[in-house]
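**Student:** Structure provided below as structure tokens; questions to follow.
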Amino acid sequence: MMKISRTWSSLFMGIMCFSVACNPADTVELEKNAYFDLKGMIADQVNLLDSLRPSLQKEAIIDGRKEDHLLQPDSAGWAREMEIFLLADINKPDLRGSYKIIESNEAETGNRVTTYLAKEKKKLGIEYVKVSRIGDELAKVEMLYTEENVLYQTFRKLEMHFEPGTKRLFTYHIDGQQKMILKDTVSYAISGNLIY
């Protein structure tokens with residue numbers, strides 16, 4: 001009886017050690033963020049903005065018509081404002097290995113830049129994501145999203161700028177165009193300036 005208990009005990013300990021050493025959640029987490037964690041950064045910003053409660057001066061220009069609004073978003077409002085940037089999340093399982101990573105320095109600012117450049121631009125939609133840092137701090141995130149099919153062509157250039165030393169978003173821009181079949185091209189520009 002003692003021999004069987006010892007065997008089961010050894011087997012149980014072996015399984016426990018294996019499950020701790022090979023925790024699938026850790027593996028998934030490592031694989032999930034092969035590129036810049038845009039989704040995590042946006043979630044952090046939404047939480048920070050909700051706690052700081054800045055005002056948002058928002059300007060939209062659509063085909064030359066301009067609108068200005070001063071808003072006081074809550075956490076759901078900030079989540080909606082940031083939602084468009086999630087289009088450029090390249091940490092999806094089907095995109096793994098689809099981007100080459102290029103490290104460089106910006107000539108005018110000296111910022112360290114990591115560019116995630118699509119290997120097949122037309123196929124992926126997200127042509128690039130550029131992440132600029134001052135030291136270890138995020139300074140700017142820029143993305144280019146394009147889509148083309150038989151009905152329409154669209155592109156969006158998205159930028160987020162962060163205030164040095166605070167890690168908080170202070171402005172964002174979205175420039176885009178959409179051309180639908182048998183219709184005119186629609187151009188638009190949206191900018192948001194945060195007032196703390």
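Each chain in the structure tokens gets a letter, A, B and so on, in the order shown; residues start at 1 in every chain, and ligands are counted from 1 in the order they appear.
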Could you name the residues that touch stretch 45-57 of chain A at 10 Å or less, counting only C-alpha atoms, but leaving out those on the same chain fewer than 4 positions away, as a ChimeraX atom specification?

**Tutor:** /A:39-41,68-82,167-171,191-196

**Student:** For those residues, write N, CA and C atoms to a file as a short mmCIF file (atom, residue, chain, number, x, y, z; two decimals), in the first residue's frame.

**Tutor:**
data_model
loop_
_atom_site.label_atom_id
_atom_site.label_comp_id
_atom_site.auth_asym_id
_atom_site.auth_seq_id
_atom_site.Cartn_x
_atom_site.Cartn_y
_atom_site.Cartn_z
N LYS A 39 -3.68 47.45 -27.68
CA LYS A 39 -4.92 47.22 -26.93
C LYS A 39 -4.70 47.50 -25.43
N GLY A 40 -3.60 47.01 -24.89
CA GLY A 40 -3.28 47.25 -23.48
C GLY A 40 -3.01 48.71 -23.20
N MET A 41 -2.29 49.37 -24.11
CA MET A 41 -1.98 50.79 -23.94
C MET A 41 -3.27 51.61 -23.95
N ASP A 68 -16.81 71.96 -34.22
CA ASP A 68 -16.04 71.94 -32.97
C ASP A 68 -16.96 71.58 -31.82
N HIS A 69 -16.43 70.79 -30.89
CA HIS A 69 -17.21 70.42 -29.70
C HIS A 69 -16.26 70.38 -28.50
N LEU A 70 -16.74 70.84 -27.37
CA LEU A 70 -16.03 70.68 -26.11
C LEU A 70 -16.79 69.64 -25.31
N LEU A 71 -16.12 68.53 -25.01
CA LEU A 71 -16.78 67.39 -24.36
C LEU A 71 -16.14 67.10 -23.01
N GLN A 72 -16.90 66.43 -22.16
CA GLN A 72 -16.40 65.95 -20.87
C GLN A 72 -16.71 64.46 -20.78
N PRO A 73 -15.93 63.62 -21.49
CA PRO A 73 -16.26 62.18 -21.56
C PRO A 73 -16.09 61.46 -20.21
N ASP A 74 -16.95 60.47 -19.97
CA ASP A 74 -16.76 59.56 -18.85
C ASP A 74 -15.96 58.37 -19.38
N SER A 75 -15.81 57.30 -18.60
CA SER A 75 -14.97 56.18 -19.06
C SER A 75 -15.55 55.53 -20.32
N ALA A 76 -16.87 55.43 -20.43
CA ALA A 76 -17.48 54.86 -21.64
C ALA A 76 -17.23 55.78 -22.83
N GLY A 77 -17.28 57.09 -22.60
CA GLY A 77 -17.00 58.05 -23.66
C GLY A 77 -15.56 57.97 -24.14
N TRP A 78 -14.62 57.82 -23.20
CA TRP A 78 -13.21 57.68 -23.59
C TRP A 78 -12.99 56.37 -24.35
N ALA A 79 -13.66 55.33 -23.93
CA ALA A 79 -13.53 54.04 -24.64
C ALA A 79 -14.02 54.19 -26.08
N ARG A 80 -15.13 54.93 -26.28
CA ARG A 80 -15.64 55.16 -27.64
C ARG A 80 -14.66 56.01 -28.46
N GLU A 81 -14.08 57.03 -27.83
CA GLU A 81 -13.11 57.89 -28.53
C GLU A 81 -11.90 57.09 -29.00
N MET A 82 -11.47 56.15 -28.21
CA MET A 82 -10.26 55.38 -28.51
C MET A 82 -10.51 54.15 -29.38
N LYS A 167 3.01 60.24 -19.19
CA LYS A 167 2.42 59.03 -19.80
C LYS A 167 0.98 59.23 -20.25
N ARG A 168 0.52 60.47 -20.27
CA ARG A 168 -0.88 60.68 -20.63
C ARG A 168 -1.02 61.24 -22.04
N LEU A 169 -2.09 60.82 -22.70
CA LEU A 169 -2.43 61.29 -24.03
C LEU A 169 -2.75 62.78 -23.96
N PHE A 170 -2.21 63.58 -24.91
CA PHE A 170 -2.61 64.98 -24.92
C PHE A 170 -3.23 65.41 -26.24
N THR A 171 -3.02 64.65 -27.32
CA THR A 171 -3.69 64.97 -28.57
C THR A 171 -3.74 63.73 -29.46
N SER A 191 -9.53 65.73 -34.97
CA SER A 191 -8.47 65.89 -33.98
C SER A 191 -9.10 66.10 -32.61
N GLY A 192 -8.40 65.63 -31.62
CA GLY A 192 -8.82 65.79 -30.24
C GLY A 192 -7.68 66.33 -29.42
N ASN A 193 -7.93 67.43 -28.70
CA ASN A 193 -6.93 67.99 -27.79
C ASN A 193 -7.47 67.88 -26.38
N LEU A 194 -6.70 67.27 -25.51
CA LEU A 194 -7.14 67.06 -24.14
C LEU A 194 -6.69 68.21 -23.26
N ILE A 195 -7.61 68.71 -22.46
CA ILE A 195 -7.35 69.86 -21.57
C ILE A 195 -7.40 69.34 -20.15
N TYR A 196 -6.24 69.31 -19.51
CA TYR A 196 -6.14 68.79 -18.13
C TYR A 196 -6.27 69.90 -17.13
#

**Student:** Which residues of stretch 15-127 of chain A sit at most 10 Å from stretch 183-189 of chain A, using only C-alpha atoms? Give each one's shortest atom pair and distance in Å (one decimal place), in chain and ascending residue order, as JSON lines.

**Tutor:**
{"residue": "A:Glu59", "atom": "CA", "partner": "A:Ala189", "partner_atom": "CA", "distance": 8.1}
{"residue": "A:Ala60", "atom": "CA", "partner": "A:Ala189", "partner_atom": "CA", "distance": 5.8}
{"residue": "A:Ile61", "atom": "CA", "partner": "A:Ala189", "partner_atom": "CA", "distance": 5.2}
{"residue": "A:Ile62", "atom": "CA", "partner": "A:Tyr188", "partner_atom": "CA", "distance": 4.3}
{"residue": "A:Asp63", "atom": "CA", "partner": "A:Ser187", "partner_atom": "CA", "distance": 5.4}
{"residue": "A:Gly64", "atom": "CA", "partner": "A:Tyr188", "partner_atom": "CA", "distance": 8.0}
{"residue": "A:Arg65", "atom": "CA", "partner": "A:Tyr188", "partner_atom": "CA", "distance": 9.2}
{"residue": "A:Lys66", "atom": "CA", "partner": "A:Ala189", "partner_atom": "CA", "distance": 9.3}

**Student:** Store the residues of this selection in a file with C-alpha atoms, as a compact mmCIF listing (two decimals), in the first residue's frame.

**Tutor:**
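Contents of the output file selection_15.txt:
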# COMPACT_ATOMS: atom_id res chain seq x y z
CA GLU A 59 -12.67 69.16 -34.17
CA ALA A 60 -14.01 67.35 -37.22
CA ILE A 61 -13.64 68.47 -40.82
CA ILE A 62 -15.61 66.43 -43.35
CA ASP A 63 -15.37 67.56 -46.98
CA GLY A 64 -14.51 71.09 -45.88
CA ARG A 65 -17.32 71.40 -43.30
CA LYS A 66 -15.93 72.05 -39.82

**Student:** Quick one: everything within 10 Å of A:Asp89, counting only C-alpha atoms, minus sequence neighbours fewer than 2 positions away in the same chain. Send it as a PDB file with C-alpha atoms, in the first residue's frame.

**Tutor:**
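Once written, around-v2.pdb looks like this:
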ATOM      1  CA  TYR A  35       4.148  43.280 -31.398  1.00  0.00           C
ATOM      2  CA  PHE A  36       3.355  46.564 -29.614  1.00  0.00           C
ATOM      3  CA  ASP A  37       0.493  46.085 -27.144  1.00  0.00           C
ATOM      4  CA  LEU A  38      -1.853  48.734 -28.571  1.00  0.00           C
ATOM      5  CA  LYS A  39      -4.923  47.218 -26.925  1.00  0.00           C
ATOM      6  CA  GLY A  40      -3.278  47.245 -23.477  1.00  0.00           C
ATOM      7  CA  PHE A  85      -7.390  53.112 -32.776  1.00  0.00           C
ATOM      8  CA  LEU A  86      -8.084  49.448 -31.997  1.00  0.00           C
ATOM      9  CA  LEU A  87      -8.502  48.885 -35.753  1.00  0.00           C
ATOM     10  CA  ASN A  91      -1.495  41.440 -31.991  1.00  0.00           C
ATOM     11  CA  LYS A  92      -4.073  39.088 -33.463  1.00  0.00           C
ATOM     12  CA  LEU A  95      -1.335  38.409 -38.006  1.00  0.00           C
ATOM     13  CA  ILE A 126      -2.748  47.780 -41.368  1.00  0.00           C
ATOM     14  CA  VAL A 129       2.385  50.880 -36.706  1.00  0.00           C
ATOM     15  CA  MET A 143      -0.751  53.872 -37.722  1.00  0.00           C
TER      16      MET A 143
END

**Student:** Quote the spacing between atom CA of A:Ile101 and atom CA of A:Gly165 in Å to one decimal place.

**Tutor:** 26.0 Å

**Student:** Can you measure atom CA of A:Lys100 to atom CA of A:Leu158 for me? One decimal in Å is fine.

**Tutor:** 19.7 Å

**Student:** Can you list, as a short mmCIF file (atom, residue, chain, number, x, y, z; two decimals) with C-alpha atoms, in the first residue's frame, every residue of stretch 15-170 of chain A that DSSP puts in strand (DSSP E)?

**Tutor:**
data_model
loop_
_atom_site.label_atom_id
_atom_site.label_comp_id
_atom_site.auth_asym_id
_atom_site.auth_seq_id
_atom_site.Cartn_x
_atom_site.Cartn_y
_atom_site.Cartn_z
CA SER A 55 -12.01 67.93 -21.17
CA LEU A 56 -11.81 67.07 -24.86
CA GLN A 57 -11.71 69.78 -27.51
CA LYS A 58 -12.75 67.85 -30.62
CA GLU A 59 -12.67 69.16 -34.17
CA ALA A 60 -14.01 67.35 -37.22
CA ILE A 61 -13.64 68.47 -40.82
CA ILE A 62 -15.61 66.43 -43.35
CA ARG A 65 -17.32 71.40 -43.30
CA LYS A 66 -15.93 72.05 -39.82
CA GLU A 67 -17.47 71.25 -36.44
CA ASP A 68 -16.04 71.94 -32.97
CA HIS A 69 -17.21 70.42 -29.70
CA LEU A 70 -16.03 70.68 -26.11
CA LEU A 71 -16.78 67.39 -24.36
CA TYR A 99 5.08 42.30 -39.77
CA LYS A 100 8.78 43.00 -39.81
CA ILE A 101 10.16 45.04 -36.92
CA ILE A 102 12.50 47.93 -37.75
CA GLU A 103 14.35 49.88 -35.04
CA SER A 104 15.60 53.42 -35.83
CA ASN A 105 16.04 56.94 -34.42
CA ARG A 112 13.75 55.83 -30.62
CA VAL A 113 11.26 54.47 -33.17
CA THR A 114 10.00 50.92 -33.56
CA THR A 115 8.15 50.37 -36.84
CA TYR A 116 5.99 47.29 -37.41
CA LEU A 117 5.81 47.16 -41.20
CA ALA A 118 3.43 44.82 -43.04
CA ILE A 126 -2.75 47.78 -41.37
CA GLU A 127 0.29 48.90 -43.35
CA TYR A 128 2.35 49.99 -40.36
CA VAL A 129 2.38 50.88 -36.71
CA LYS A 130 5.17 53.26 -35.58
CA VAL A 131 5.93 53.67 -31.90
CA SER A 132 8.17 56.60 -30.87
CA ARG A 133 9.74 56.75 -27.43
CA ILE A 134 11.77 59.28 -25.49
CA GLU A 137 8.42 56.74 -22.30
CA LEU A 138 5.85 56.64 -25.07
CA ALA A 139 5.90 59.83 -27.17
CA LYS A 140 3.81 58.99 -30.25
CA VAL A 141 1.99 56.10 -31.90
CA GLU A 142 1.21 56.36 -35.61
CA MET A 143 -0.75 53.87 -37.72
CA LEU A 144 -1.84 53.57 -41.33
CA TYR A 145 -4.93 51.52 -42.13
CA THR A 146 -6.01 50.88 -45.73
CA GLU A 147 -8.75 48.76 -47.20
CA GLU A 148 -9.74 48.16 -50.79
CA TYR A 152 -14.79 51.06 -51.93
CA GLN A 153 -11.29 52.20 -51.06
CA THR A 154 -10.43 53.73 -47.72
CA PHE A 155 -7.41 54.83 -45.78
CA ARG A 156 -6.93 56.23 -42.31
CA LYS A 157 -3.79 57.67 -40.79
CA LEU A 158 -4.10 57.71 -37.01
CA GLU A 159 -1.77 59.39 -34.51
CA MET A 160 -1.67 59.59 -30.73
CA HIS A 161 0.72 62.00 -28.95
CA PHE A 162 1.72 61.64 -25.30
CA LEU A 169 -2.43 61.29 -24.03
CA PHE A 170 -2.61 64.98 -24.92
#

**Student:** Could you find all residues in stretch 37-124 of chain A that DSSP calls helix (DSSP H, G or I) from the backbone, and write them as a ChimeraX atom specification?

**Tutor:** /A:38-52,75-88,93-95,121-124

**Student:** Atom CA of A:Ser98 and atom CA of A:Lys119 are how many Å apart?

**Tutor:**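 So the answer is 5.8 Å.
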